[in-house]
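Beneath this line is the structure, given in structure tokens, with notes to follow.
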Amino acid sequence: MELNEYQRQSARTAQEHDLEQLNYALGIAGEAGEVADLIKKRFFHGHTTSSEELKKELGDVLWYLAQISRIFGITLEEVAEGNIEKLQHRYPDGFSETRSIGRTE
């Protein structure tokens, strides 16, 4: 599925209201916390992390990201392209600890 198509389809389950931005910002933080909790439990509590379980939580993060972007008139494709441009500028030859440490932006 293409990112912009996902964004269009996912918007049908979004509810418009005055506090949408706050709802989605808190939602993305909460869902990211659930992803982190799955990983924490794997490393520190001896749990197994299934790909399906992780996929569901990452999908929830994506849903909130899509809605925040939509409200601001930004497509997910623009988000992805902008991120790649930023990474290419920061690390033109791939990740480097030296460039990371010396990074000014």
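Residue numbering restarts at 1 in every chain; chains get A, B, ... in the order shown in the structure tokens, and ligands count up from 1 in that same order.
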Apply DSSP to the structure's backbone, then extract all residues of chain A labelled helix (DSSP H, G or I) and return them as a VMD selection string. chain A and resid 3 to 13 20 to 44 51 to 71 76 to 90 97 to 101
Next item on the list: Just the residues within 8 Å of segment 5-9 of chain A, please, counting only C-alpha atoms, with nothing from its chain fewer than 3 positions along; format it as a list in words.
Entry: Met1, Glu2, Arg12, Trp63, Ala66, Gln67, Arg70, Thr75 and Leu76 of chain A
Only all heavy atoms, please: the residues just picked out, written as a compact mmCIF listing (two decimals), in the first residue's frame.
```
# COMPACT_ATOMS: atom_id res chain seq x y z
N MET A 1 0.84 -1.18 0.00
CA MET A 1 0.00 0.00 0.00
C MET A 1 0.89 1.24 0.00
O MET A 1 1.87 1.31 0.73
CB MET A 1 -0.90 0.00 1.24
CG MET A 1 -1.66 1.27 1.43
SD MET A 1 -2.80 1.24 2.82
CE MET A 1 -4.18 0.44 2.05
N GLU A 2 0.52 2.20 -0.79
CA GLU A 2 1.27 3.45 -0.84
C GLU A 2 0.89 4.32 0.37
O GLU A 2 -0.23 4.27 0.86
CB GLU A 2 0.97 4.19 -2.14
CG GLU A 2 1.53 3.46 -3.35
CD GLU A 2 1.36 4.26 -4.64
OE1 GLU A 2 0.98 5.44 -4.57
OE2 GLU A 2 1.62 3.68 -5.69
N ARG A 12 -10.78 7.96 7.36
CA ARG A 12 -12.21 7.67 7.53
C ARG A 12 -12.55 7.26 8.96
O ARG A 12 -13.69 7.34 9.38
CB ARG A 12 -12.68 6.60 6.54
CG ARG A 12 -12.20 5.21 6.83
CD ARG A 12 -12.76 4.18 5.86
NE ARG A 12 -12.40 2.85 6.28
CZ ARG A 12 -12.99 2.19 7.28
NH1 ARG A 12 -13.98 2.71 7.92
NH2 ARG A 12 -12.56 0.99 7.60
N TRP A 63 -1.03 5.37 12.27
CA TRP A 63 -2.35 5.99 12.17
C TRP A 63 -2.33 7.40 12.74
O TRP A 63 -2.81 8.35 12.12
CB TRP A 63 -3.40 5.14 12.91
CG TRP A 63 -4.80 5.63 12.70
CD1 TRP A 63 -5.66 5.26 11.72
CD2 TRP A 63 -5.49 6.61 13.49
NE1 TRP A 63 -6.84 5.94 11.83
CE2 TRP A 63 -6.77 6.79 12.92
CE3 TRP A 63 -5.17 7.36 14.61
CZ2 TRP A 63 -7.72 7.66 13.42
CZ3 TRP A 63 -6.11 8.24 15.14
CH2 TRP A 63 -7.37 8.38 14.54
N ALA A 66 -0.36 9.73 10.52
CA ALA A 66 -1.15 10.07 9.32
C ALA A 66 -2.16 11.16 9.62
O ALA A 66 -2.37 12.07 8.81
CB ALA A 66 -1.85 8.82 8.78
N GLN A 67 -2.79 11.10 10.79
CA GLN A 67 -3.82 12.09 11.13
C GLN A 67 -3.21 13.45 11.44
O GLN A 67 -3.72 14.49 11.01
CB GLN A 67 -4.69 11.60 12.29
CG GLN A 67 -5.35 10.26 12.07
CD GLN A 67 -5.77 9.98 10.66
OE1 GLN A 67 -6.47 10.77 10.03
NE2 GLN A 67 -5.35 8.84 10.12
N ARG A 70 -2.22 14.91 8.16
CA ARG A 70 -3.41 15.31 7.40
C ARG A 70 -3.94 16.66 7.88
O ARG A 70 -4.26 17.53 7.08
CB ARG A 70 -4.50 14.24 7.55
CG ARG A 70 -5.82 14.59 6.88
CD ARG A 70 -6.89 13.53 7.17
NE ARG A 70 -7.09 13.24 8.58
CZ ARG A 70 -7.81 14.00 9.42
NH1 ARG A 70 -8.39 15.10 9.00
NH2 ARG A 70 -7.95 13.63 10.68
N THR A 75 1.24 15.33 3.29
CA THR A 75 1.03 13.92 2.97
C THR A 75 2.12 13.09 3.64
O THR A 75 3.22 13.58 3.93
CB THR A 75 1.07 13.67 1.45
OG1 THR A 75 2.40 13.94 0.97
CG2 THR A 75 0.06 14.53 0.71
N LEU A 76 1.81 11.81 3.85
CA LEU A 76 2.83 10.92 4.41
C LEU A 76 4.01 10.78 3.46
O LEU A 76 5.15 10.61 3.90
CB LEU A 76 2.22 9.55 4.72
CG LEU A 76 1.35 9.47 5.95
CD1 LEU A 76 0.83 8.05 6.14
CD2 LEU A 76 2.08 9.93 7.20
```
Using only C-alpha atoms, the shortest atom-to-atom distance to Val79 of chain A among A:Leu58, A:Leu65, A:Ala11, A:Ala36 belongs to A:Leu65
Min atom-atom distance to Leu26 of chain A from the set A:Thr49, A:Lys41, A:Ile68, A:Glu105, counting only C-alpha atoms, belongs to A:Ile68
The distance between atom CA of Leu3 of chain A and atom CA of Glu52 of chain A is 20.0 Å
Problem - Pick from A:Gln88, A:Gln21, A:Ser10, A:Thr104, whichever lies nearest to Phe72 of chain A using only C-alpha atoms - result: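 Distance minimum relative to Phe72 of chain A lands on A:Gln21.
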As a check of understanding: the span from atom CA of Ala32 of chain A to atom CA of Glu57 of chain A is 7.8 Å
Counting only C-alpha atoms, closest pick from A:Ser50, A:Arg99, A:Gly73, A:Tyr64 relative to Ala14 of chain A is A:Tyr64
Here atom CA of Glu31 of chain A and atom CA of Val61 of chain A stand apart by 5.5 Å
- Item | For Leu87 of chain A, the nearest of the candidates A:Thr13, A:Arg103, A:Leu19, A:Ile74, counting only C-alpha atoms |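 Closest candidate: A:Arg103.
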